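Beneath this line is the structure, given in structure tokens, with notes to follow.
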Amino acid sequence: MTPILNYPVYTLDGQQLLSAGAQLDEATLQKVAAAGRDRYQFRTFLDHGSIRHDLLKYMTNRPYSVLFGDSETQRELWTMMEEVSIIAPCLDAIDYFQQQDFYTYRHILMVFAMTTLLTRDLIPDCRDWIRESFASPTHDIGKTCVPLEVLRKTTPLTRRERLRLKHHPLAGYVLLCHYLGDHNHFAARVARDHHERKNGSGYPRGILDTDPMVEIITVCDIYDALVSPRPYRPQSYDNRSAIEEITRLAECGEIGWYVVKALVAHNRQVAYDPNEIWVTDEKRGTPPAVNAYGILLDD
Ligand SMILES: [Fe+2]
Ligand SMILES: [Fe+2]
């Protein structure tokens with residue numbers, strides 16, 4: 001089924017790429033990609049603004065300091081992260097989030113670091129993937145097309161606001177097709193698919209199968225959303241409750257066990273071996289009491 005945009009897609013400098021109601025068929029996407037081809041430059045992600053400094057700060061504080069492990073692991077990760085360059089308009093978007101929606105800025109950084117860590121465990125040619133795909137720092141780029149009052153809202157969203165928020169995967173897909181000049185680029189597909197679930201319960205397309213790399217980014221995306229304070233939830237999940245929630249999603253078939261097991265291995269600070277990692281179905285954590293996520297108000 002061809003996805004249809006519910007809202008227009010604009011670049012940060014105000015250029016409309018597609019209008020509301022546009023069908024994302026092959027011909028349309030090729031046109032969007034052709035208009036952006038060879039227009040934008042790549043720059044080293046870690047060298048931009050205060051990204052390196054901020055990443056170091058977050059990675060060395062709990063709960064991340066446990067996951068990122070010993071100094072040898074950290075050194076290896078930094079070497080891998082140094083090799084990542086991303087397209088200039090995405091760095092502008094990261095500046096925008098840093099100034100306007102700090103939760104999203106921090107989230108982009110931590111999903112990037114965590115994805116690098118789990119990709120190292122799970123994907124055989126991980127260095128190529130991390131360097132060439134640079135998909136995790138751009139996965140939420142479509143949020144530049146969501147009004148800030150929706151992103152920053154601290155009370156439950158209305159149905160209409162929820163629909164606006166759900167625009168971001170397709171908006172990100174269109175933006176990255178354009179910036180990269182390639183409608184099949186992996187980073188564009190990650191932006192489109194990172195809210196899909198293995199049992200078809202996700203969005204925007206409700207597909208059943210996603211790429212293993214997309215699954216890794218999805219799990220990192222969920223973990224960081226749980227352990228971070230969010231506008232709609234002043235208190236974050238503690239690490240135990242977050243891992244239990246992710247385990248519950250794997251039990252429901254929404255996400256893959258192999259990624260969850262890698263996350264659990266890091267949390268226990270043991271080597272990843274899918275046959276050795278045993279995940280309990282016992283739930284003893286205490287999720288935050290105040291949480292507006294998933295509550296919808298009528299418009
Ligand atoms: Fe997202
Ligand atoms: Fe995200």
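Just remember, in the structure tokens the first chain shown is A, the second B, etc., residues are 1-based per chain, and ligands are 1-based in the order shown.
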Find the residues near Leu263 of chain A: any atom within 9 Å, counting only C-alpha atoms, skip ones fewer than 5 places away on the same chain, and give them as a list of chain:residue names. A:Leu67, A:Leu118, A:Val219, A:Cys220, A:Ile243, A:Tyr258, A:Arg268, A:Tyr272
Dump N, CA, C and O atoms for the selected residues as a PDB file, in the first residue's frame?
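Printed below is selection.pdb as written:
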```pdb
ATOM      1  N   LEU A  67      25.856   0.546  30.809  1.00  0.00           N
ATOM      2  CA  LEU A  67      25.776  -0.107  29.494  1.00  0.00           C
ATOM      3  C   LEU A  67      27.069   0.027  28.700  1.00  0.00           C
ATOM      4  O   LEU A  67      27.492  -0.907  28.022  1.00  0.00           O
ATOM      5  N   LEU A 118      25.270  -1.752  20.235  1.00  0.00           N
ATOM      6  CA  LEU A 118      24.565  -3.012  19.949  1.00  0.00           C
ATOM      7  C   LEU A 118      24.863  -3.513  18.528  1.00  0.00           C
ATOM      8  O   LEU A 118      24.893  -4.720  18.300  1.00  0.00           O
ATOM      9  N   VAL A 219      14.957  -0.648  19.245  1.00  0.00           N
ATOM     10  CA  VAL A 219      15.106  -1.007  20.664  1.00  0.00           C
ATOM     11  C   VAL A 219      15.849   0.104  21.409  1.00  0.00           C
ATOM     12  O   VAL A 219      15.467   0.489  22.522  1.00  0.00           O
ATOM     13  N   CYS A 220      16.886   0.666  20.788  1.00  0.00           N
ATOM     14  CA  CYS A 220      17.631   1.763  21.427  1.00  0.00           C
ATOM     15  C   CYS A 220      16.719   2.981  21.594  1.00  0.00           C
ATOM     16  O   CYS A 220      16.775   3.680  22.621  1.00  0.00           O
ATOM     17  N   ILE A 243      14.179  -2.060  31.384  1.00  0.00           N
ATOM     18  CA  ILE A 243      14.525  -3.367  30.784  1.00  0.00           C
ATOM     19  C   ILE A 243      13.299  -4.293  30.860  1.00  0.00           C
ATOM     20  O   ILE A 243      13.010  -5.036  29.917  1.00  0.00           O
ATOM     21  N   TYR A 258      16.688 -11.050  20.118  1.00  0.00           N
ATOM     22  CA  TYR A 258      18.149 -11.029  20.028  1.00  0.00           C
ATOM     23  C   TYR A 258      18.703  -9.651  20.387  1.00  0.00           C
ATOM     24  O   TYR A 258      19.770  -9.549  20.992  1.00  0.00           O
ATOM     25  N   ARG A 268      24.062  -6.390  32.448  1.00  0.00           N
ATOM     26  CA  ARG A 268      24.686  -7.281  33.442  1.00  0.00           C
ATOM     27  C   ARG A 268      26.210  -7.223  33.375  1.00  0.00           C
ATOM     28  O   ARG A 268      26.894  -7.911  34.136  1.00  0.00           O
ATOM     29  N   TYR A 272      28.204 -10.758  25.332  1.00  0.00           N
ATOM     30  CA  TYR A 272      26.968 -11.150  24.658  1.00  0.00           C
ATOM     31  C   TYR A 272      27.104 -12.531  24.036  1.00  0.00           C
ATOM     32  O   TYR A 272      27.976 -12.766  23.210  1.00  0.00           O
TER      33      TYR A 272
END
```
Contacts of Ala187 of chain A at 9 Å (only C-alpha atoms; same-chain gap of 2+ positions) as number ranges by chain: A: 133-136, 138-139, 173, 176-177, 180, 184-185, 189-192
So that I have them on file, write out the residues from the current selection with all heavy atoms, as a tab-separated table (two decimals), in the first residue's frame.
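Final file, selection33.tsv:
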```
chain	number	residue	atom	x	y	z
A	133	SER	N	25.75	4.01	7.04
A	133	SER	CA	24.31	4.20	7.17
A	133	SER	C	23.97	5.48	7.95
A	133	SER	O	22.97	6.12	7.68
A	133	SER	CB	23.67	3.01	7.85
A	133	SER	OG	24.08	2.95	9.19
A	134	PHE	N	24.83	5.84	8.94
A	134	PHE	CA	24.61	7.01	9.81
A	134	PHE	C	23.13	7.23	10.09
A	134	PHE	O	22.63	8.34	10.16
A	134	PHE	CB	25.25	8.29	9.22
A	134	PHE	CG	24.69	8.74	7.90
A	134	PHE	CD1	23.60	9.59	7.85
A	134	PHE	CD2	25.23	8.29	6.72
A	134	PHE	CE1	23.06	9.99	6.64
A	134	PHE	CE2	24.71	8.69	5.50
A	134	PHE	CZ	23.62	9.54	5.46
A	135	ALA	N	22.42	6.10	10.27
A	135	ALA	CA	20.96	6.20	10.32
A	135	ALA	C	20.41	6.62	11.68
A	135	ALA	O	19.37	7.26	11.75
A	135	ALA	CB	20.35	4.87	9.91
A	136	SER	N	21.13	6.26	12.76
A	136	SER	CA	20.52	6.55	14.06
A	136	SER	C	20.46	8.05	14.39
A	136	SER	O	19.46	8.49	14.94
A	136	SER	CB	21.20	5.75	15.17
A	136	SER	OG	22.59	5.93	15.15
A	138	THR	N	19.75	10.36	12.50
A	138	THR	CA	18.76	11.04	11.66
A	138	THR	C	17.37	10.40	11.77
A	138	THR	O	16.46	10.81	11.07
A	138	THR	CB	19.22	11.02	10.18
A	138	THR	OG1	19.49	9.67	9.79
A	138	THR	CG2	20.48	11.84	9.96
A	139	HIS	N	17.21	9.43	12.68
A	139	HIS	CA	15.95	8.68	12.68
A	139	HIS	C	14.73	9.55	13.00
A	139	HIS	O	13.64	9.30	12.51
A	139	HIS	CB	16.02	7.47	13.63
A	139	HIS	CG	15.87	7.79	15.08
A	139	HIS	ND1	16.90	8.30	15.83
A	139	HIS	CD2	14.81	7.71	15.91
A	139	HIS	CE1	16.47	8.49	17.08
A	139	HIS	NE2	15.21	8.14	17.15
A	173	TYR	N	11.40	10.45	6.27
A	173	TYR	CA	11.70	9.67	5.06
A	173	TYR	C	11.82	10.59	3.85
A	173	TYR	O	12.82	10.54	3.10
A	173	TYR	CB	10.58	8.64	4.87
A	173	TYR	CG	10.65	7.77	3.66
A	173	TYR	CD1	11.82	7.11	3.30
A	173	TYR	CD2	9.52	7.57	2.86
A	173	TYR	CE1	11.86	6.28	2.18
A	173	TYR	CE2	9.55	6.75	1.75
A	173	TYR	CZ	10.72	6.11	1.41
A	173	TYR	OH	10.75	5.29	0.31
A	176	LEU	N	14.93	12.91	4.11
A	176	LEU	CA	16.21	12.23	3.86
A	176	LEU	C	16.34	11.78	2.40
A	176	LEU	O	17.44	11.82	1.84
A	176	LEU	CB	16.39	11.06	4.82
A	176	LEU	CG	16.70	11.51	6.26
A	176	LEU	CD1	16.52	10.37	7.24
A	176	LEU	CD2	18.12	12.06	6.37
A	177	CYS	N	15.22	11.39	1.78
A	177	CYS	CA	15.27	11.07	0.33
A	177	CYS	C	15.82	12.28	-0.41
A	177	CYS	O	16.65	12.16	-1.32
A	177	CYS	CB	13.87	10.79	-0.22
A	177	CYS	SG	13.19	9.22	0.29
A	180	LEU	N	19.60	13.27	0.67
A	180	LEU	CA	20.58	12.28	0.23
A	180	LEU	C	20.51	12.03	-1.27
A	180	LEU	O	21.37	11.34	-1.84
A	180	LEU	CB	20.37	10.96	0.99
A	180	LEU	CG	20.62	11.09	2.49
A	180	LEU	CD1	20.01	9.92	3.25
A	180	LEU	CD2	22.12	11.16	2.75
A	184	ASN	N	16.08	5.31	-1.83
A	184	ASN	CA	16.26	3.97	-1.25
A	184	ASN	C	17.35	3.94	-0.19
A	184	ASN	O	17.74	2.88	0.27
A	184	ASN	CB	16.63	2.96	-2.35
A	184	ASN	CG	15.39	2.33	-2.91
A	184	ASN	OD1	14.46	2.01	-2.17
A	184	ASN	ND2	15.35	2.19	-4.23
A	185	HIS	N	17.87	5.11	0.18
A	185	HIS	CA	18.97	5.13	1.14
A	185	HIS	C	18.52	4.54	2.48
A	185	HIS	O	17.40	4.77	2.94
A	185	HIS	CB	19.45	6.57	1.35
A	185	HIS	CG	20.78	6.64	2.01
A	185	HIS	ND1	20.96	6.40	3.35
A	185	HIS	CD2	22.01	6.91	1.51
A	185	HIS	CE1	22.25	6.52	3.66
A	185	HIS	NE2	22.90	6.82	2.55
A	189	ARG	N	15.07	4.92	4.98
A	189	ARG	CA	14.17	3.80	5.35
A	189	ARG	C	14.08	3.64	6.87
A	189	ARG	O	13.04	3.29	7.40
A	189	ARG	CB	14.64	2.51	4.68
A	189	ARG	CG	14.32	2.53	3.18
A	189	ARG	CD	14.56	1.22	2.51
A	189	ARG	NE	15.98	1.04	2.18
A	189	ARG	CZ	16.69	-0.01	2.56
A	189	ARG	NH1	16.15	-0.98	3.28
A	189	ARG	NH2	17.96	-0.11	2.22
A	190	VAL	N	15.18	3.92	7.57
A	190	VAL	CA	15.14	3.86	9.05
A	190	VAL	C	14.19	4.92	9.60
A	190	VAL	O	13.38	4.64	10.49
A	190	VAL	CB	16.55	4.05	9.65
A	190	VAL	CG1	16.49	4.32	11.14
A	190	VAL	CG2	17.40	2.82	9.38
A	191	ALA	N	14.29	6.14	9.06
A	191	ALA	CA	13.38	7.21	9.51
A	191	ALA	C	11.93	6.77	9.31
A	191	ALA	O	11.07	6.97	10.17
A	191	ALA	CB	13.67	8.50	8.75
A	192	ARG	N	11.65	6.11	8.19
A	192	ARG	CA	10.28	5.68	7.89
A	192	ARG	C	9.84	4.53	8.80
A	192	ARG	O	8.69	4.49	9.25
A	192	ARG	CB	10.22	5.23	6.41
A	192	ARG	CG	8.84	4.78	5.96
A	192	ARG	CD	8.93	4.12	4.59
A	192	ARG	NE	9.76	2.91	4.61
A	192	ARG	CZ	10.20	2.27	3.53
A	192	ARG	NH1	9.90	2.74	2.33
A	192	ARG	NH2	10.94	1.18	3.63
```
Within 12 Å of ligand 2, which residues of chain A come that close, and what is the closest atom pair and distance in Å for each? Count only C-alpha atoms and all ligand atoms and give it as CSV.
```
residue,atom,partner,partner_atom_place_in_ligand_line,distance
A:Tyr103,CA,ligand 2,1 (Fe),10.1
A:Thr104,CA,ligand 2,1 (Fe),7.5
A:Tyr105,CA,ligand 2,1 (Fe),9.9
A:Arg106,CA,ligand 2,1 (Fe),10.2
A:His107,CA,ligand 2,1 (Fe),6.6
A:Ile108,CA,ligand 2,1 (Fe),6.8
A:Leu109,CA,ligand 2,1 (Fe),10.2
A:Met110,CA,ligand 2,1 (Fe),9.8
A:Val111,CA,ligand 2,1 (Fe),7.4
A:Phe112,CA,ligand 2,1 (Fe),10.1
A:Thr115,CA,ligand 2,1 (Fe),11.7
A:Ala135,CA,ligand 2,1 (Fe),11.4
A:Ser136,CA,ligand 2,1 (Fe),8.6
A:Pro137,CA,ligand 2,1 (Fe),9.1
A:Thr138,CA,ligand 2,1 (Fe),9.1
A:His139,CA,ligand 2,1 (Fe),6.4
A:Asp140,CA,ligand 2,1 (Fe),5.3
A:Ile141,CA,ligand 2,1 (Fe),9.0
A:Gly142,CA,ligand 2,1 (Fe),10.1
A:Lys143,CA,ligand 2,1 (Fe),9.3
A:Leu151,CA,ligand 2,1 (Fe),11.9
A:Leu165,CA,ligand 2,1 (Fe),11.5
A:Lys166,CA,ligand 2,1 (Fe),11.6
A:His168,CA,ligand 2,1 (Fe),9.9
A:Pro169,CA,ligand 2,1 (Fe),9.6
A:Gly172,CA,ligand 2,1 (Fe),11.3
A:Val190,CA,ligand 2,1 (Fe),10.6
A:Ala191,CA,ligand 2,1 (Fe),9.1
A:Arg192,CA,ligand 2,1 (Fe),11.4
A:Asp193,CA,ligand 2,1 (Fe),11.1
A:His194,CA,ligand 2,1 (Fe),7.8
A:His195,CA,ligand 2,1 (Fe),8.5
A:Val214,CA,ligand 2,1 (Fe),11.8
A:Ile217,CA,ligand 2,1 (Fe),8.6
A:Thr218,CA,ligand 2,1 (Fe),7.8
A:Val219,CA,ligand 2,1 (Fe),9.8
A:Cys220,CA,ligand 2,1 (Fe),8.4
A:Asp221,CA,ligand 2,1 (Fe),4.8
A:Ile222,CA,ligand 2,1 (Fe),7.4
A:Tyr223,CA,ligand 2,1 (Fe),9.7
A:Asp224,CA,ligand 2,1 (Fe),8.1
A:Ala225,CA,ligand 2,1 (Fe),7.3
A:Leu226,CA,ligand 2,1 (Fe),10.9
A:Ser228,CA,ligand 2,1 (Fe),11.6
A:Arg230,CA,ligand 2,1 (Fe),11.9
```
With DSSP run on the backbone, what are the alpha helix (DSSP H) residues within segment 20-246 of chain A? I'd like them as an MDAnalysis selection string. chainID A and resid 26:36 51:59 64:67 71:82 88:100 102:122 126:133 148:151 159:165 168:180 186:193 212:227 239:246
Test item: residues at most 8 Å from segment 87-91 of chain A, only C-alpha atoms, excluding those fewer than 2 positions along its chain, as a list in words: Leu12, Tyr40, Gln41, Phe42, Arg43, Phe45, His48, Ser85, Ala93, Ile94, Asp95, Thr138, Ile141, Tyr179 and Leu180 of chain A
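Among A:Gly14, A:Pro212, A:Pro204, A:Pro229, the residue with the shortest atom-to-atom distance to ligand 1, counting only C-alpha atoms and all ligand atoms, is A:Pro204.
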